[in-house]
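Colleague: File my_file02.tsv follows (TSV, C-alpha atoms):
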```tsv
chain	number	residue	atom	x	y	z
O	9	MET	CA	1.02	13.65	-12.27
O	10	SER	CA	-1.99	11.34	-12.49
O	11	PHE	CA	-2.82	8.48	-10.14
O	12	ARG	CA	-2.06	6.11	-13.00
O	13	SER	CA	1.57	7.18	-13.09
O	14	PHE	CA	1.86	6.63	-9.31
O	15	MET	CA	0.37	3.16	-9.73
O	16	ASP	CA	2.99	2.52	-12.39
O	17	ILE	CA	5.64	3.34	-9.77
O	18	ALA	CA	3.88	1.10	-7.24
O	19	LEU	CA	3.88	-1.71	-9.83
O	20	GLU	CA	7.64	-1.20	-10.35
O	21	GLU	CA	8.12	-1.60	-6.59
O	22	ALA	CA	5.92	-4.72	-6.61
O	23	LYS	CA	7.98	-6.25	-9.42
O	24	ALA	CA	11.20	-5.50	-7.53
O	25	ALA	CA	9.75	-7.11	-4.39
O	26	GLY	CA	8.82	-10.23	-6.37
O	27	ALA	CA	12.33	-10.38	-7.81
O	28	ARG	CA	13.64	-10.41	-4.22
O	29	GLY	CA	11.36	-13.34	-3.40
O	30	GLU	CA	8.86	-11.18	-1.54
O	31	VAL	CA	5.13	-11.18	-2.24
O	32	PRO	CA	4.95	-8.61	-5.06
O	33	VAL	CA	3.25	-5.63	-3.45
O	34	GLY	CA	4.39	-2.07	-4.01
O	35	ALA	CA	3.41	1.26	-2.48
O	36	VAL	CA	3.98	4.96	-3.17
O	37	ILE	CA	3.26	7.99	-1.01
O	38	ALA	CA	2.79	11.21	-2.93
O	39	SER	CA	1.97	14.81	-2.16
O	40	GLN	CA	-0.96	16.68	-3.63
O	41	SER	CA	1.49	18.59	-5.83
O	42	GLY	CA	2.74	15.38	-7.43
O	43	ASP	CA	5.96	14.76	-5.53
O	44	VAL	CA	6.81	11.16	-4.66
O	45	ILE	CA	7.77	11.24	-0.98
O	46	ALA	CA	8.41	7.51	-0.53
O	47	ARG	CA	8.18	4.27	-2.46
O	48	ALA	CA	8.59	0.72	-1.22
O	49	GLY	CA	7.92	-2.93	-1.80
O	50	ASN	CA	7.36	-5.75	0.66
O	51	ARG	CA	10.46	-6.63	2.70
O	52	THR	CA	9.10	-9.08	5.29
O	53	ARG	CA	11.43	-11.93	4.33
O	54	GLU	CA	14.48	-9.80	3.64
O	55	TRP	CA	14.23	-7.97	6.96
O	56	ASN	CA	12.73	-10.88	8.96
O	57	ASP	CA	10.01	-8.44	9.94
O	58	PRO	CA	6.33	-9.41	9.66
O	59	THR	CA	5.37	-5.72	9.74
O	60	ALA	CA	7.52	-4.79	6.72
O	61	HIS	CA	4.60	-4.67	4.29
O	62	ALA	CA	5.02	-2.21	1.42
O	63	GLU	CA	2.54	0.26	2.94
O	64	VAL	CA	4.22	0.29	6.36
O	65	VAL	CA	7.71	0.60	4.86
O	66	ALA	CA	6.53	3.51	2.68
O	67	ILE	CA	4.76	5.23	5.61
O	68	ARG	CA	7.89	4.92	7.77
O	69	ALA	CA	10.08	6.32	4.97
O	70	ALA	CA	7.70	9.21	4.25
O	71	CYS	CA	7.44	10.16	7.92
O	72	ALA	CA	11.23	10.06	8.25
O	73	ALA	CA	11.71	12.14	5.10
O	74	LEU	CA	9.22	14.75	6.26
O	75	GLY	CA	10.24	14.68	9.94
O	76	GLN	CA	6.70	14.12	11.18
O	77	GLU	CA	4.50	11.27	12.38
O	78	ARG	CA	1.43	12.17	10.36
O	79	LEU	CA	0.92	12.29	6.60
O	80	THR	CA	-2.11	14.55	6.52
O	81	GLY	CA	-2.82	15.59	2.94
O	82	TYR	CA	-0.70	12.83	1.38
O	83	ASP	CA	-1.92	9.99	-0.82
O	84	LEU	CA	-1.01	6.30	-0.75
O	85	TYR	CA	-1.02	4.16	-3.89
O	86	VAL	CA	-0.66	0.41	-3.34
O	87	THR	CA	-1.02	-2.56	-5.67
O	88	LEU	CA	-3.02	-4.73	-3.24
O	89	GLU	CA	-5.85	-3.97	-0.84
O	90	PRO	CA	-4.20	-3.23	2.52
O	91	CYS	CA	-4.45	-5.84	5.25
O	92	PRO	CA	-5.94	-4.86	8.64
O	93	MET	CA	-2.49	-4.00	10.05
O	94	CYS	CA	-1.70	-1.71	7.13
O	95	ALA	CA	-5.18	-0.16	7.19
O	96	ALA	CA	-4.64	0.73	10.86
O	97	ALA	CA	-1.26	2.26	10.01
O	98	ILE	CA	-2.87	4.26	7.19
O	99	SER	CA	-5.50	5.54	9.64
O	100	ASN	CA	-2.91	6.40	12.29
O	101	ALA	CA	-0.79	8.23	9.70
O	102	ARG	CA	-3.88	10.23	8.63
O	103	ILE	CA	-3.33	9.48	4.93
O	104	ALA	CA	-5.81	11.58	2.91
O	105	ARG	CA	-6.53	9.22	0.02
O	106	LEU	CA	-5.92	5.51	-0.55
O	107	TYR	CA	-5.73	4.16	-4.11
O	108	TYR	CA	-5.31	0.42	-4.47
O	109	GLY	CA	-5.24	-2.13	-7.25
O	110	ALA	CA	-6.22	-5.73	-6.58
O	111	GLY	CA	-8.77	-6.64	-3.94
O	112	ASP	CA	-7.72	-9.21	-1.34
O	113	ALA	CA	-10.58	-11.54	-0.41
O	114	LYS	CA	-8.32	-13.58	1.90
O	115	SER	CA	-6.44	-10.91	3.85
O	116	GLY	CA	-7.88	-7.51	2.96
O	117	GLY	CA	-8.84	-5.07	5.65
O	118	VAL	CA	-10.54	-2.31	3.65
O	119	ALA	CA	-13.37	-3.74	1.52
O	120	GLN	CA	-12.98	-7.32	2.81
O	121	GLY	CA	-12.71	-8.82	6.25
O	122	PRO	CA	-12.77	-6.40	9.17
O	123	ARG	CA	-13.21	-3.24	7.05
O	124	VAL	CA	-10.98	-1.23	9.40
O	125	PHE	CA	-12.03	2.21	8.14
O	126	SER	CA	-15.71	1.46	8.84
O	127	HIS	CA	-15.07	0.41	12.44
O	128	SER	CA	-16.38	2.71	15.17
O	129	GLN	CA	-12.92	2.87	16.78
O	130	CYS	CA	-11.22	4.08	13.60
O	131	HIS	CA	-9.98	7.62	14.24
O	132	HIS	CA	-9.45	8.54	10.59
O	133	ALA	CA	-10.65	7.05	7.32
O	134	PRO	CA	-9.07	8.11	4.03
O	135	GLU	CA	-10.98	8.55	0.81
O	136	ILE	CA	-10.76	5.15	-0.90
O	137	TYR	CA	-10.41	4.41	-4.62
O	138	ASP	CA	-10.12	0.73	-5.51
O	139	GLY	CA	-9.49	-1.21	-8.68
O	140	ILE	CA	-6.75	1.16	-9.91
O	141	ALA	CA	-4.43	-0.91	-12.15
O	142	ALA	CA	-6.13	-4.01	-10.75
O	143	GLU	CA	-5.35	-6.27	-13.73
O	144	PRO	CA	-1.55	-5.88	-13.73
O	145	SER	CA	-1.53	-6.01	-9.92
O	146	GLU	CA	-3.48	-9.28	-9.91
O	147	ALA	CA	-1.34	-10.71	-12.72
O	148	LEU	CA	1.86	-10.11	-10.71
O	149	LEU	CA	0.42	-11.87	-7.69
O	150	LYS	CA	-0.98	-14.82	-9.65
O	151	SER	CA	2.30	-15.33	-11.48
O	152	PHE	CA	4.30	-15.12	-8.25
O	153	PHE	CA	2.18	-17.72	-6.44
O	154	ALA	CA	1.88	-20.00	-9.50
O	155	GLU	CA	5.69	-20.26	-9.62
O	156	ARG	CA	5.75	-21.38	-5.99
O	157	ARG	CA	3.08	-24.06	-6.17
```
What do you get writing this file as structure tokens?

Modeller:
Amino acid sequence: MSFRSFMDIALEEAKAAGARGEVPVGAVIASQSGDVIARAGNRTREWNDPTAHAEVVAIRAACAALGQERLTGYDLYVTLEPCPMCAAAISNARIARLYYGAGDAKSGGVAQGPRVFSHSQCHHAPEIYDGIAAEPSEALLKSFFAERR
């Protein structure tokens, strides 16, 4: 399975999150062999949990499914650049590769802002591939926020 197909799944999760009134961000964790281990969308409002970002929800689900606290060798596909909290969770989970769509100039923690993976206290930095399915990811976010303004 190609990264594009995983981003398609992440976009499905983002659309579902938007339909629930959540900021439309979706995430997928996949194995090197092409198995989807977990998929999730934002659930901060639904669960009244500020940590329930798509990446964190997917990491928790993948760890539970695999019965381990680390995701060494697994890949994360997410529609929006992870925030600093999510970047730290990605590092702590030892995710091998991070693929993300839209950049986040306001709240990003990878290429913007604090650049968590470049920090001297970061224990693990994944390989990073940005701009994957950026246009549809950005379009979902712009549409979502335009409807609310």

Colleague: Write out as a list in words which residues come within 6 Å of stretch 43-46 of chain O when counting all atoms listed in the file, dropping same-chain ones fewer than 4 positions away.

Modeller: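 Answer for this query is Val36, Ile37, Ala38, Ser39, Ala66, Ala69 and Ala70 of chain O.
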
Colleague: Show me, as a PyMOL selection string, the residues that have an atom within 10 Å of O:Tyr108 when counting only C-alpha atoms, minus same-chain residues fewer than 5 positions from it.

Modeller: chain O and resi 15+18+35+84-90+136-142+145

Colleague: Generate the output file for the selected residues, C-alpha atoms, as a CSV table (one decimal), in the frame of the given file.

Modeller:
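Final output, part02.csv:
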```csv
chain,number,residue,atom,x,y,z
O,15,MET,CA,0.4,3.2,-9.7
O,18,ALA,CA,3.9,1.1,-7.2
O,35,ALA,CA,3.4,1.3,-2.5
O,84,LEU,CA,-1.0,6.3,-0.8
O,85,TYR,CA,-1.0,4.2,-3.9
O,86,VAL,CA,-0.7,0.4,-3.3
O,87,THR,CA,-1.0,-2.6,-5.7
O,88,LEU,CA,-3.0,-4.7,-3.2
O,89,GLU,CA,-5.8,-4.0,-0.8
O,90,PRO,CA,-4.2,-3.2,2.5
O,136,ILE,CA,-10.8,5.2,-0.9
O,137,TYR,CA,-10.4,4.4,-4.6
O,138,ASP,CA,-10.1,0.7,-5.5
O,139,GLY,CA,-9.5,-1.2,-8.7
O,140,ILE,CA,-6.8,1.2,-9.9
O,141,ALA,CA,-4.4,-0.9,-12.2
O,142,ALA,CA,-6.1,-4.0,-10.8
O,145,SER,CA,-1.5,-6.0,-9.9
```

Colleague: Using only C-alpha atoms, list the residues that have an atom at most 12 Å from (-14.8, -4.6, 6.2), coordinates as in the file, as a list in words.

Modeller: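 Final list of nearby residues, as requested, is Glu89, Pro90, Cys91, Pro92, Ala95, Gly111, Asp112, Ala113, Lys114, Ser115, Gly116, Gly117, Val118, Ala119, Gln120, Gly121, Pro122, Arg123, Val124, Phe125, Ser126, His127, Ser128 and Cys130 of chain O.
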
Colleague: Report the distance between atom CA of O:Leu106 and atom CA of O:Ala62 in Å, rounded to one decimal place.

Modeller: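 Computing it gives 13.5 Å between the two atoms.
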
Colleague: Tell me, in Å to one decimal, how far atom CA of O:Gln129 is from atom CA of O:Asn100.

Modeller: 11.5 Å

Colleague: Rounded to one decimal in Å, what is the spacing between atom CA of O:Ile17 and atom CA of O:Ala48?

Modeller: 9.4 Å
